[in-house]
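Report on one structure; see the data block that follows.
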Amino acid sequence: MDDGGFLQSISQALESYTGIEGILGYLVIASCVFLGHWVMNKLTERHLEEEGRKEASKKGIAHKLDSDNADEEPEPPRNFTAEQLKYFDGKVDEKTDENKPVYLSVNGTVFDVSDGRDFYGPGGPYELFAGHECGVALAKFSFDTTHLDDMAGCENLNFGEKEELDNWIQKFTYHRLYPVKGRLIPQDMLPDPNRLVTKSELEANNGEGEIPKGYAAAPIYVGAGEKCYDMSFGGIQFYGPGCGYNRFAGKDVSRALAKMSFEPSDTENTDVSDLSEKELKVLADWIKTFEDRKKYPCVGHVEK
């Protein structure tokens, strides 16, 4: 039997069974519709994937739809003090004459909302929140400045306000895809700057220890002069594991900084009594950079 006779036989059998004339034609049409629908779905999925890839690229999202397309490693999450966070208000940096990024904190999670500069940057309706903890203000739909920088207040919200706070976090994270930069550490969670940091404690905090509750990164202690600073507050890319100044992590490196030296004879030696006036000035400049420009928090005095 040829193909034409075979198809005719099938058609006659279907018509006899269903009582519908020309049912084979209907089945062919239905199959074509199904196939067309399947193809359109695949094309739509591919289009959405491509649009998602373009959007991710545009926003600089760290994760990629295809791992083979990853260009560079995202910045590691860091810790922020309230003073450090204030810098990221989106205004023009007087030193570089460029716009600063726009960061804000929601219940301690620091987001980079620079892609929403029209809303959170200078002149935007939410510019008041830039560079601040604003969880309470967002939860209460309030522009009252007394609700800014009140991270502890997030624990005292009522049920409805806590739900609204969660909604904002979900929106920033999954809808707007704002990058998370780290965690805001309240002043009362920072170590007492007047305490004594022993050598053993200094060595233990080299960036490879456990991450304290509420922190985004493990502490990285560096001693300079009389004080000890925590470089996990913005200096991970310099002092963190595998980075250029990591050999300073967990040590009093006053001598090494003064002499601009990586030699073990200097990095392992805490004696500064024989430094020249010029070297002491170099050390003072380093300390000034730590305190005034980087604003690394002082976490105590180094035991000598």
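How things are named: the first chain in the structure tokens is A, the next is B, and so on; residues count from 1 in each chain; ligands count from 1 in the order shown.
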Could you find all residues in stretch 57-255 of chain A that DSSP calls strand (DSSP E) from the backbone, and write them as a VMD selection string?
chain A and resid 78 to 80 103 to 106 109 to 112 180 to 184 196 to 197 221 to 224 227 to 230 251 to 252
Those residues you just picked out, can you put them in a file as a CSV table (one decimal), in the first residue's frame with N, CA and C atoms?
chain,number,residue,atom,x,y,z
A,78,ARG,N,32.1,43.6,52.4
A,78,ARG,CA,32.9,44.3,53.4
A,78,ARG,C,32.0,44.8,54.5
A,79,ASN,N,32.7,45.2,55.6
A,79,ASN,CA,32.0,45.8,56.7
A,79,ASN,C,32.0,47.3,56.6
A,80,PHE,N,31.0,48.0,57.1
A,80,PHE,CA,30.9,49.4,57.0
A,80,PHE,C,30.6,50.0,58.4
A,103,TYR,N,25.0,54.4,48.1
A,103,TYR,CA,24.7,53.3,48.9
A,103,TYR,C,23.7,53.6,50.0
A,104,LEU,N,23.0,52.6,50.4
A,104,LEU,CA,22.1,52.8,51.6
A,104,LEU,C,22.0,51.5,52.3
A,105,SER,N,21.6,51.5,53.6
A,105,SER,CA,21.5,50.3,54.4
A,105,SER,C,20.1,50.1,54.7
A,106,VAL,N,19.6,48.8,54.6
A,106,VAL,CA,18.3,48.4,55.0
A,106,VAL,C,18.4,47.3,56.1
A,109,THR,N,21.9,45.6,55.9
A,109,THR,CA,22.4,45.1,54.6
A,109,THR,C,22.6,46.4,53.7
A,110,VAL,N,23.8,46.5,53.2
A,110,VAL,CA,24.2,47.7,52.4
A,110,VAL,C,24.1,47.4,51.0
A,111,PHE,N,23.2,48.2,50.3
A,111,PHE,CA,22.9,48.0,48.9
A,111,PHE,C,23.6,49.1,48.1
A,112,ASP,N,24.1,48.8,46.9
A,112,ASP,CA,24.5,49.8,45.9
A,112,ASP,C,23.3,50.1,45.1
A,180,VAL,N,24.6,43.8,46.7
A,180,VAL,CA,24.8,43.9,48.1
A,180,VAL,C,26.3,44.1,48.3
A,181,LYS,N,26.7,45.2,49.0
A,181,LYS,CA,28.1,45.5,49.2
A,181,LYS,C,28.7,45.0,50.5
A,182,GLY,N,27.8,44.7,51.5
A,182,GLY,CA,28.3,44.3,52.8
A,182,GLY,C,27.3,44.5,53.9
A,183,ARG,N,27.8,44.7,55.1
A,183,ARG,CA,27.0,44.9,56.3
A,183,ARG,C,27.4,46.2,57.0
A,184,LEU,N,26.4,46.9,57.5
A,184,LEU,CA,26.6,48.0,58.4
A,184,LEU,C,26.8,47.5,59.8
A,196,LEU,N,42.9,47.0,75.3
A,196,LEU,CA,44.2,46.5,74.9
A,196,LEU,C,44.1,45.2,74.0
A,197,VAL,N,44.7,45.3,72.9
A,197,VAL,CA,44.7,44.1,72.0
A,197,VAL,C,46.0,43.4,72.1
A,221,TYR,N,43.0,42.6,61.5
A,221,TYR,CA,43.6,43.6,62.4
A,221,TYR,C,45.0,43.9,61.9
A,222,VAL,N,45.3,45.2,61.9
A,222,VAL,CA,46.7,45.6,61.6
A,222,VAL,C,47.1,46.7,62.6
A,223,GLY,N,48.2,46.5,63.3
A,223,GLY,CA,48.7,47.4,64.2
A,223,GLY,C,49.6,48.5,63.6
A,224,ALA,N,49.4,49.8,63.9
A,224,ALA,CA,50.2,50.9,63.4
A,224,ALA,C,50.3,51.9,64.5
A,227,LYS,N,48.0,52.1,67.9
A,227,LYS,CA,46.6,51.6,67.7
A,227,LYS,C,46.5,50.4,66.8
A,228,CYS,N,45.4,49.7,66.9
A,228,CYS,CA,45.0,48.6,66.0
A,228,CYS,C,43.8,48.9,65.2
A,229,TYR,N,43.9,48.7,63.9
A,229,TYR,CA,42.8,49.0,63.0
A,229,TYR,C,42.2,47.7,62.4
A,230,ASP,N,40.9,47.8,62.1
A,230,ASP,CA,40.3,46.6,61.4
A,230,ASP,C,40.1,47.0,59.9
A,251,LYS,N,49.2,41.6,62.4
A,251,LYS,CA,50.6,41.9,62.9
A,251,LYS,C,50.6,43.4,63.3
A,252,ASP,N,51.6,43.8,64.2
A,252,ASP,CA,51.9,45.2,64.4
A,252,ASP,C,53.0,45.5,63.4
Counting only C-alpha atoms, the residue among A:Leu85, A:Val253, A:Ile185, A:Ala152 that lies closest to A:Val302 is A:Val253
List as a VMD selection string the protein and nucleic acid residues near A:Ala217, meaning an atom at most 8 Å away when only C-alpha atoms are counted, but skip any in the same chain fewer than 2 places from it.
chain A and resid 77 to 79 207 211 to 212 215 219 232
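Of the residues in stretch 72-173 of chain A, those given alpha helix (DSSP H) by DSSP on the backbone are Ala82, Glu83, Gln84, Leu85, Lys86, Arg117, Asp118, Phe119, Tyr120, Gly135, Val136, Ala137, Leu138, Ala139, Phe159, Gly160, Glu161, Lys162, Glu163, Glu164, Leu165, Asp166, Asn167, Trp168, Ile169 and Gln170 of chain A.
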Given only C-alpha atoms as the counted atoms, nearest of A:Ala139, A:Ala249, A:Glu83, A:Tyr239 to A:Gln187:
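The closest residue to A:Gln187 is A:Glu83.
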Nearest to A:Glu203, chosen from A:Asn156, A:Gly234, A:Lys281, A:Glu303, with only C-alpha atoms counted in the distances: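 Selected residue with least distance to A:Glu203: A:Glu303.
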Subject >> Selected residue of minimal separation from A:Lys304 among A:Leu202, A:Met151, A:Met189, A:Ile169, counting only C-alpha atoms >> reply: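 So, comparing all the options, the nearest one is A:Leu202.
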Find the spatial neighbours of A:Val102, counting only C-alpha atoms, within a cut-off of 6 Å - ignore same-chain residues fewer than 6 positions away - and output them as a PyMOL selection string.
-> chain A and resi 88-90+112-114
Might you pull out every residue within 10 Å of A:Glu127, with only C-alpha atoms counted and same-chain residues fewer than 4 positions away left off, and present them as a PyMOL selection string? chain A and resi 89-90+102+117-123+131
Which is closest to A:Phe172 among A:Leu138, A:Val282, A:Val272, A:Val299, if we use only C-alpha atoms?
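When distances to A:Phe172 are compared using only C-alpha atoms, the smallest one comes from A:Leu138.
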Proximity to A:Glu155 - best of A:Ala218, A:Ala82, A:Lys199, A:Asn107, only C-alpha atoms: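 Checking each candidate against A:Glu155, we get A:Asn107 as the closest.
The interatomic distance for the pair atom CA of A:Ile236 and atom CA of A:Ile287 works out to 17.3 Å.
The coordinates place atom CA of A:Tyr87 at 10.6 Å from atom CA of A:Lys294.
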Could you pull the residues within 10 Å of A:Phe143, counting only C-alpha atoms, minus those fewer than 2 positions along the same chain, as an mmCIF file with all heavy atoms, in the first residue's frame?
data_model
loop_
_atom_site.group_PDB
_atom_site.id
_atom_site.type_symbol
_atom_site.label_atom_id
_atom_site.label_comp_id
_atom_site.auth_asym_id
_atom_site.auth_seq_id
_atom_site.Cartn_x
_atom_site.Cartn_y
_atom_site.Cartn_z
ATOM 1 N N PRO A 125 13.653 61.828 44.902
ATOM 2 C CA PRO A 125 12.673 61.871 45.999
ATOM 3 C C PRO A 125 13.131 61.164 47.272
ATOM 4 O O PRO A 125 12.646 61.469 48.356
ATOM 5 C CB PRO A 125 11.436 61.194 45.393
ATOM 6 C CG PRO A 125 11.959 60.354 44.272
ATOM 7 C CD PRO A 125 13.142 61.104 43.722
ATOM 8 N N TYR A 126 14.078 60.214 47.140
ATOM 9 C CA TYR A 126 14.567 59.473 48.306
ATOM 10 C C TYR A 126 16.025 59.813 48.632
ATOM 11 O O TYR A 126 16.718 59.029 49.285
ATOM 12 C CB TYR A 126 14.449 57.970 48.072
ATOM 13 C CG TYR A 126 13.041 57.455 47.935
ATOM 14 C CD1 TYR A 126 12.454 57.291 46.681
ATOM 15 C CD2 TYR A 126 12.292 57.135 49.057
ATOM 16 C CE1 TYR A 126 11.161 56.815 46.547
ATOM 17 C CE2 TYR A 126 10.992 56.658 48.937
ATOM 18 C CZ TYR A 126 10.425 56.503 47.681
ATOM 19 O OH TYR A 126 9.144 56.033 47.551
ATOM 20 N N LEU A 128 17.275 61.585 50.729
ATOM 21 C CA LEU A 128 17.515 61.649 52.172
ATOM 22 C C LEU A 128 18.118 60.355 52.703
ATOM 23 O O LEU A 128 18.838 60.352 53.701
ATOM 24 C CB LEU A 128 16.185 61.928 52.881
ATOM 25 C CG LEU A 128 16.222 62.189 54.393
ATOM 26 C CD1 LEU A 128 16.883 63.525 54.675
ATOM 27 C CD2 LEU A 128 14.808 62.163 54.968
ATOM 28 N N PHE A 129 17.831 59.228 52.011
ATOM 29 C CA PHE A 129 18.272 57.925 52.495
ATOM 30 C C PHE A 129 19.705 57.586 52.091
ATOM 31 O O PHE A 129 20.306 56.674 52.664
ATOM 32 C CB PHE A 129 17.342 56.834 51.961
ATOM 33 C CG PHE A 129 15.914 56.962 52.414
ATOM 34 C CD1 PHE A 129 14.887 56.394 51.678
ATOM 35 C CD2 PHE A 129 15.593 57.653 53.574
ATOM 36 C CE1 PHE A 129 13.566 56.502 52.095
ATOM 37 C CE2 PHE A 129 14.286 57.770 53.999
ATOM 38 C CZ PHE A 129 13.254 57.191 53.261
ATOM 39 N N CYS A 134 18.289 53.099 56.640
ATOM 40 C CA CYS A 134 16.942 53.665 56.475
ATOM 41 C C CYS A 134 15.855 52.607 56.588
ATOM 42 O O CYS A 134 14.745 52.802 56.076
ATOM 43 C CB CYS A 134 16.841 54.401 55.140
ATOM 44 S SG CYS A 134 17.312 53.431 53.701
ATOM 45 N N ALA A 137 12.722 53.969 58.441
ATOM 46 C CA ALA A 137 12.053 54.985 57.625
ATOM 47 C C ALA A 137 11.268 54.340 56.482
ATOM 48 O O ALA A 137 10.126 54.721 56.203
ATOM 49 C CB ALA A 137 13.083 55.969 57.071
ATOM 50 N N LEU A 138 11.862 53.349 55.801
ATOM 51 C CA LEU A 138 11.174 52.676 54.698
ATOM 52 C C LEU A 138 9.971 51.888 55.216
ATOM 53 O O LEU A 138 8.905 51.885 54.586
ATOM 54 C CB LEU A 138 12.141 51.743 53.968
ATOM 55 C CG LEU A 138 13.235 52.413 53.134
ATOM 56 C CD1 LEU A 138 14.226 51.362 52.626
ATOM 57 C CD2 LEU A 138 12.637 53.177 51.961
ATOM 58 N N LYS A 140 8.142 52.501 57.727
ATOM 59 C CA LYS A 140 7.083 53.410 58.182
ATOM 60 C C LYS A 140 6.644 54.390 57.096
ATOM 61 O O LYS A 140 5.790 55.239 57.339
ATOM 62 C CB LYS A 140 7.575 54.210 59.398
ATOM 63 C CG LYS A 140 7.785 53.394 60.667
ATOM 64 C CD LYS A 140 8.331 54.263 61.781
ATOM 65 C CE LYS A 140 8.443 53.495 63.096
ATOM 66 N NZ LYS A 140 7.114 53.198 63.691
ATOM 67 N N PHE A 141 7.249 54.282 55.899
ATOM 68 C CA PHE A 141 6.979 55.246 54.822
ATOM 69 C C PHE A 141 7.164 56.673 55.341
ATOM 70 O O PHE A 141 6.322 57.546 55.131
ATOM 71 C CB PHE A 141 5.553 55.069 54.274
ATOM 72 C CG PHE A 141 5.343 53.780 53.551
ATOM 73 C CD1 PHE A 141 4.695 52.729 54.164
ATOM 74 C CD2 PHE A 141 5.800 53.619 52.243
ATOM 75 C CE1 PHE A 141 4.498 51.532 53.496
ATOM 76 C CE2 PHE A 141 5.602 52.421 51.576
ATOM 77 C CZ PHE A 141 4.957 51.373 52.194
ATOM 78 N N THR A 145 13.775 62.458 59.719
ATOM 79 C CA THR A 145 15.197 62.134 59.892
ATOM 80 C C THR A 145 15.477 61.391 61.193
ATOM 81 O O THR A 145 16.524 60.750 61.319
ATOM 82 C CB THR A 145 16.055 63.414 59.842
ATOM 83 O OG1 THR A 145 15.594 64.339 60.843
ATOM 84 C CG2 THR A 145 15.969 64.079 58.476
ATOM 85 N N THR A 146 14.539 61.448 62.143
ATOM 86 C CA THR A 146 14.757 60.714 63.399
ATOM 87 C C THR A 146 14.687 59.200 63.181
ATOM 88 O O THR A 146 15.104 58.430 64.048
ATOM 89 C CB THR A 146 13.712 61.119 64.460
ATOM 90 O OG1 THR A 146 12.395 60.808 63.974
ATOM 91 C CG2 THR A 146 13.799 62.605 64.767
ATOM 92 N N HIS A 147 14.153 58.805 62.024
ATOM 93 C CA HIS A 147 14.060 57.369 61.720
ATOM 94 C C HIS A 147 15.262 56.866 60.923
ATOM 95 O O HIS A 147 15.322 55.675 60.590
ATOM 96 C CB HIS A 147 12.773 57.079 60.945
ATOM 97 C CG HIS A 147 11.535 57.252 61.761
ATOM 98 N ND1 HIS A 147 10.360 57.756 61.240
ATOM 99 C CD2 HIS A 147 11.295 57.009 63.078
ATOM 100 C CE1 HIS A 147 9.445 57.811 62.204
ATOM 101 N NE2 HIS A 147 9.998 57.358 63.318
ATOM 102 N N LEU A 148 16.186 57.756 60.619
ATOM 103 C CA LEU A 148 17.399 57.348 59.914
ATOM 104 C C LEU A 148 18.451 56.887 60.917
ATOM 105 O O LEU A 148 18.481 57.343 62.070
ATOM 106 C CB LEU A 148 17.960 58.505 59.084
ATOM 107 C CG LEU A 148 17.100 58.990 57.909
ATOM 108 C CD1 LEU A 148 17.794 60.161 57.207
ATOM 109 C CD2 LEU A 148 16.831 57.864 56.913
#
Identify, on the basis of only C-alpha atoms, every residue whose closest approach to stretch 254-260 of chain A does not exceed 10 Å; exclude the query and any residue fewer than 4 positions from it along the same chain; express the result as a ChimeraX atom specification. /A:222-227,248,264-287
